[in-house]
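Asks: For reference, the structure I am asking about is given below.
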Amino acid sequence: MEFLTYMGDVFTPINFALLLIGTIGGLILGATPGLSPTMAVALLIPFTFRLEPAQGLILLGAAYTSTVAGGAVSAILLKIPGAPANIATTLDGHTMAQKGQGARALQLSFLASAVGGIFGVMLLIFLTPVLAQWALAFGPSHLFWLAILGVTVIGSLDSSSVVKGLLSGCIGLWLATIGFDDIMGAQRFIFHDAVAGGINVIPALIGLFAIPQVITMFAKGRKRLDAEVIAVKKHPIGAAFREVFGRFRALSIGTITGSIIGLIPGVGGQIAGLVAYDQAKKTSPEREKFGTGHPEGVIAAESANNAMVGPSLVPLLTLSIPGSPTAAVLLGGLLIHGIFPGSDLFDNYPDVAWTFINSMLIGQILMCIFGLYVAGLAARVAQVPNAVMAAVVLGLALFGSYSVQNSMGDVYVMMALGTGMYFLERFGFSAAPLVLGLILGPIAEANFIQGSMIANATSSMGEYFFSGTLNLVLIAIVVASVGYSLWMELRDRRYTTKDDAVLKEESLS
Amino acid sequence: MTDLPRSQHIIASGLVAAVGVAVAYISYTQKPADAFLFPRLISTVFVVLALWTFGKAVLGRTKVGNGLSREAMINILPGFIVALIYVFWAAKALGFYTASTIAFFILLTLYDPAPHSELRTWIKRAIITAGFLVVMYGLFALLLNVFTPKEILF
């Protein structure tokens, strides 16, 4: 119950104000089609430089949680999911809104999100310290395999093509080696002055997530958003509260499915929402009502996509392995403050770790309260023309990446990587494994070099890296995740996410 | 197989394979060898996967990726050119805020669906641009104290 010791820190005036700003801002950003939670969090990182580590994480964590929930607003009122995680919500949510039950759908959505989110954060609270202590037993070879596991799992599970996902991961790992070698001081792949000091993670993240979206908006041309906000009539909140808990089966299926999927690295909110929706439909006696504006569809989808938020941070906070692209961006937010996740975080910075986790718990409640009030405003913001959004995001990307080190080199890297990523995405490559490769590359290399030194002094490389129970388990998971995905892809049976490029286009259409 | 012409996939995967081969070549030829131990490891996997992808593209067996349509390219081009000029030249040469204001206004003009012939449209665009400048200045200059290049203008 260590987390209770730091609960009060969430309520200091600055921390609570940041939590409110992150929550309300995230709800509005989340409702904006094309602004994914990952991109929103990446664009927010420069604003955390001058904050204390815990304060910065509170802002980022609140934005992460509420952008996922905020995406339901545009899904319900505009039939445009604010984020891929809200795709399943459109199926019944928008139909409810068309029937004049928009307020009811929004209330059910935010209440279910809060229940799922709180359950997910509770899992984070109880699992993280145990796993963080367990991670202390990890040596260089284990950490090397863990880093490789992080890249391969996301590369194979979160991409439309296994080979292209893994190739994206390799490109990220290579990008991470650019600059001066840490041990020998040798120059590696420095083909321009802008990358002489290596590729800074924050401008890279901003570029990789924001610029492809900007170019996708350009690709739409002078197109008006073809959607009207459906008017919302009043609905008693007490009735919605009773209804959410009255439909306990859908709520529990969504919450448990989302939590389990969140724990698996690389499987995001989109899959959580769709799987929970599917399961709730299959087990419901009213399954024929799904798709026609059935409240259980909204409850299952929204409880699932928020339940996965907390557990998706477990691998990040315990093993330094981000389980999702957004978790990778949060890792960037930790690293800029010199804090490394894992047992070090809980041993040396318990105030930072627990204040952050507690803020996510309180954030769920705030999100529920404010979500209902800002839904109307968020739906109006969701109608902002693409032209304005593209120009705003481009401006924020430029200023944000410059502000990291006051360097134009970072700006050039941001733009070059972002442009390259747009074209790669058009051909089935994926940003998530590339980002994971970029972030986990230094961890993988440092432990590979350290491990090879130990191996040279004690045994052989093969014996050091390929023996021992933990090494073998990790290798088996790497092989299994790649092998399974490859096998299913060859048999055309793989449950894949759509191309990143297609998802971006759909969010704007 | 996607609807995309095979040539687009061949060019894209060929470029990725060329980068992979270049990375592998540098990794295996540069000294000191110890500094390139890890790059050698990943570049080997990189090349194998890139050649596999290239081979599939040549054989026309690529299953994912919709490539770029002619219409999309035409739509992207003006905004992309403005963005490149803005990021790689104007921001430094004119100053961040001046360049951002000009780029914002041009992008708005290029992609805003509102008719160009109405005075109201232009006034609206000017007001939105001014609002953008105020917000960016407030956030980065006043709140975060970021010292951006001012150069010729502001």
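Naming works like this for the structure tokens: A, B, ... for the chains as they're shown, residue 1 at the start of each chain, ligands 1 onward in shown order.
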Sorted by chain and rising residue number, which residues of chain B lie within 7 Å of chain A, and what are their closest atom pairs and distances in Å to one decimal, counting only C-alpha atoms, as a tab-separated table?

Replies:
```
residue	atom	partner	partner_atom	distance
B:His9	CA	A:Phe427	CA	6.8
B:Ala35	CA	A:Met184	CA	6.1
B:Phe38	CA	A:Glu445	CA	6.1
B:Pro39	CA	A:Trp174	CA	6.7
B:Ile42	CA	A:Cys170	CA	6.4
B:Phe46	CA	A:Cys170	CA	5.6
B:Leu49	CA	A:Leu167	CA	6.0
B:Ala50	CA	A:Leu167	CA	6.7
B:Val64	CA	A:Gly428	CA	5.2
B:Gly65	CA	A:Phe427	CA	3.9
B:Asn66	CA	A:Arg426	CA	5.8
B:Gly67	CA	A:Arg426	CA	4.7
B:Leu68	CA	A:Arg426	CA	6.7
B:Ala72	CA	A:Ala219	CA	4.7
B:Met73	CA	A:Ala219	CA	6.9
B:Asn75	CA	A:Ala219	CA	5.0
B:Ile76	CA	A:Ala219	CA	4.8
B:Gly79	CA	A:Phe218	CA	6.2
B:Phe88	CA	A:Tyr412	CA	6.7
B:Ser100	CA	A:Gly395	CA	6.4
B:Phe104	CA	A:Ala391	CA	5.3
B:Leu107	CA	A:Ala391	CA	6.3
B:Leu108	CA	A:Ala387	CA	5.3
B:Tyr111	CA	A:Arg222	CA	4.5
B:Asp112	CA	A:Ala387	CA	5.4
B:Pro113	CA	A:Arg222	CA	4.7
B:Val146	CA	A:Ser403	CA	6.0
```

Asks: Once you count only C-alpha atoms, what closest atom pair and distance in Å to one decimal does each residue of stretch 185-254 of chain A within 9 Å of stretch 96-118 of chain A have, with rows by chain and rising residue number, as a Markdown table?

Replies:
```
| residue | atom | partner | partner_atom | distance |
| --- | --- | --- | --- | --- |
| A:Ile230 | CA | A:Ala97 | CA | 6.7 |
| A:Ala231 | CA | A:Gly102 | CA | 7.4 |
| A:Val232 | CA | A:Gly102 | CA | 5.2 |
| A:Lys233 | CA | A:Ala103 | CA | 5.9 |
| A:Lys234 | CA | A:Ala103 | CA | 6.1 |
| A:His235 | CA | A:Ala103 | CA | 5.8 |
| A:Pro236 | CA | A:Arg104 | CA | 8.1 |
| A:Ile237 | CA | A:Gln107 | CA | 6.9 |
| A:Ala239 | CA | A:Arg104 | CA | 8.8 |
| A:Ala240 | CA | A:Leu108 | CA | 5.9 |
| A:Phe241 | CA | A:Leu111 | CA | 7.0 |
| A:Glu243 | CA | A:Leu108 | CA | 7.7 |
| A:Val244 | CA | A:Leu108 | CA | 6.2 |
| A:Phe245 | CA | A:Ala112 | CA | 8.8 |
| A:Leu251 | CA | A:Ala112 | CA | 6.8 |
| A:Ser252 | CA | A:Gly116 | CA | 8.3 |
| A:Gly254 | CA | A:Gly116 | CA | 7.3 |
```

Asks: Could you pull out all residues of stretch 160-341 of chain A with a DSSP call of helix (DSSP H, G or I) and give them as a ChimeraX atom specification?

Replies: /A:162-177,193-195,201-219,237-246,248-263,269-283,287-289,295-307,309-312,314-319,325-335

Asks: For the residues in the current selection, export C-alpha atoms as a short mmCIF file (atom, residue, chain, number, x, y, z; two decimals), in the first residue's frame.

Replies:
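Output file part23.cif follows:
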```cif
data_model
loop_
_atom_site.label_atom_id
_atom_site.label_comp_id
_atom_site.auth_asym_id
_atom_site.auth_seq_id
_atom_site.Cartn_x
_atom_site.Cartn_y
_atom_site.Cartn_z
CA VAL A 162 5.35 -8.99 -39.94
CA VAL A 163 8.42 -8.61 -42.16
CA LYS A 164 7.87 -4.89 -42.66
CA GLY A 165 7.20 -4.46 -38.94
CA LEU A 166 10.47 -6.15 -38.07
CA LEU A 167 12.25 -4.19 -40.78
CA SER A 168 10.87 -0.97 -39.26
CA GLY A 169 12.30 -2.12 -35.92
CA CYS A 170 15.70 -2.69 -37.57
CA ILE A 171 15.63 0.81 -39.06
CA GLY A 172 14.92 2.18 -35.57
CA LEU A 173 17.77 0.14 -34.05
CA TRP A 174 20.13 1.44 -36.76
CA LEU A 175 19.03 5.05 -36.21
CA ALA A 176 19.84 4.58 -32.52
CA THR A 177 23.47 3.75 -33.39
CA ASP A 193 26.26 17.69 -38.81
CA ALA A 194 22.67 17.55 -37.56
CA VAL A 195 23.18 13.96 -36.40
CA VAL A 201 14.64 10.86 -29.10
CA ILE A 202 12.16 13.69 -28.48
CA PRO A 203 12.43 15.47 -31.88
CA ALA A 204 12.45 12.03 -33.50
CA LEU A 205 9.22 11.07 -31.72
CA ILE A 206 7.59 14.36 -32.63
CA GLY A 207 8.61 13.96 -36.26
CA LEU A 208 7.65 10.29 -36.55
CA PHE A 209 4.18 10.79 -35.11
CA ALA A 210 3.26 14.36 -36.11
CA ILE A 211 4.68 14.92 -39.60
CA PRO A 212 3.06 11.88 -41.30
CA GLN A 213 -0.27 13.12 -39.91
CA VAL A 214 0.37 16.62 -41.28
CA ILE A 215 1.19 15.23 -44.75
CA THR A 216 -1.89 12.97 -44.62
CA MET A 217 -3.96 16.09 -43.95
CA PHE A 218 -2.32 17.76 -46.95
CA ALA A 219 -3.21 14.70 -49.04
CA ILE A 237 -26.46 11.11 -14.86
CA GLY A 238 -27.89 8.95 -12.07
CA ALA A 239 -29.69 6.80 -14.63
CA ALA A 240 -26.48 6.39 -16.65
CA PHE A 241 -24.62 5.42 -13.47
CA ARG A 242 -27.18 2.73 -12.66
CA GLU A 243 -27.18 1.53 -16.26
CA VAL A 244 -23.40 1.10 -16.44
CA PHE A 245 -23.34 -1.09 -13.36
CA GLY A 246 -26.63 -2.72 -14.33
CA PHE A 248 -22.27 -5.63 -15.45
CA ARG A 249 -21.43 -8.38 -17.94
CA ALA A 250 -20.44 -5.94 -20.70
CA LEU A 251 -18.57 -3.78 -18.21
CA SER A 252 -16.61 -6.68 -16.74
CA ILE A 253 -15.85 -8.21 -20.17
CA GLY A 254 -14.54 -4.86 -21.39
CA THR A 255 -12.53 -4.17 -18.26
CA ILE A 256 -10.91 -7.60 -18.01
CA THR A 257 -10.27 -7.93 -21.77
CA GLY A 258 -8.72 -4.45 -21.89
CA SER A 259 -6.52 -5.12 -18.88
CA ILE A 260 -5.21 -8.40 -20.26
CA ILE A 261 -4.56 -6.95 -23.71
CA GLY A 262 -2.86 -3.93 -22.13
CA LEU A 263 -0.33 -6.21 -20.45
CA GLY A 269 -6.34 0.05 -27.59
CA GLN A 270 -7.81 -0.52 -31.03
CA ILE A 271 -7.60 -4.28 -30.62
CA ALA A 272 -8.72 -4.05 -26.97
CA GLY A 273 -11.89 -2.20 -27.98
CA LEU A 274 -12.70 -4.49 -30.88
CA VAL A 275 -12.01 -7.74 -29.02
CA ALA A 276 -14.05 -6.62 -26.00
CA TYR A 277 -16.92 -5.54 -28.26
CA ASP A 278 -16.80 -8.87 -30.05
CA GLN A 279 -16.75 -10.86 -26.79
CA ALA A 280 -19.54 -8.80 -25.24
CA LYS A 281 -21.63 -9.39 -28.37
CA LYS A 282 -20.98 -13.13 -28.44
CA THR A 283 -21.92 -13.61 -24.80
CA ARG A 287 -26.54 -9.98 -29.44
CA GLU A 288 -28.83 -9.01 -32.34
CA LYS A 289 -29.10 -5.52 -30.84
CA PRO A 295 -25.55 0.56 -24.81
CA GLU A 296 -23.54 -2.60 -24.04
CA GLY A 297 -21.50 -2.04 -27.21
CA VAL A 298 -20.40 1.37 -25.95
CA ILE A 299 -19.77 0.11 -22.41
CA ALA A 300 -17.65 -2.87 -23.51
CA ALA A 301 -15.57 -0.90 -26.02
CA GLU A 302 -14.90 2.11 -23.83
CA SER A 303 -14.19 0.20 -20.62
CA ALA A 304 -11.70 -1.92 -22.60
CA ASN A 305 -9.76 0.85 -24.30
CA ASN A 306 -9.25 2.70 -21.03
CA ALA A 307 -8.58 -0.45 -19.00
CA VAL A 309 -3.91 2.21 -20.42
CA GLY A 310 -2.65 1.27 -16.92
CA PRO A 311 -1.44 -2.27 -17.72
CA SER A 312 0.28 -1.01 -20.90
CA VAL A 314 3.60 -2.17 -16.53
CA PRO A 315 6.38 -3.37 -18.90
CA LEU A 316 7.64 0.22 -19.15
CA LEU A 317 7.83 0.95 -15.44
CA THR A 318 9.23 -2.45 -14.46
CA LEU A 319 11.46 -3.59 -17.31
CA PRO A 325 4.02 3.63 -28.83
CA THR A 326 2.49 5.99 -26.26
CA ALA A 327 4.40 4.24 -23.50
CA ALA A 328 7.54 4.76 -25.62
CA VAL A 329 6.79 8.47 -25.73
CA LEU A 330 6.30 8.46 -21.94
CA LEU A 331 9.68 6.77 -21.64
CA GLY A 332 11.11 9.70 -23.58
CA GLY A 333 9.45 11.98 -21.02
CA LEU A 334 11.18 10.07 -18.20
CA LEU A 335 14.59 9.94 -19.86
#
```

Asks: Would you mind listing what lies within 8 Å of B:Val82 as a list of chain:residue names, with only C-alpha atoms counted and same-chain residues fewer than 4 positions away left out?

Replies: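 Result of the neighbour search: B:Pro78, B:Tyr86, B:Ala103, B:Ile106, B:Leu107.
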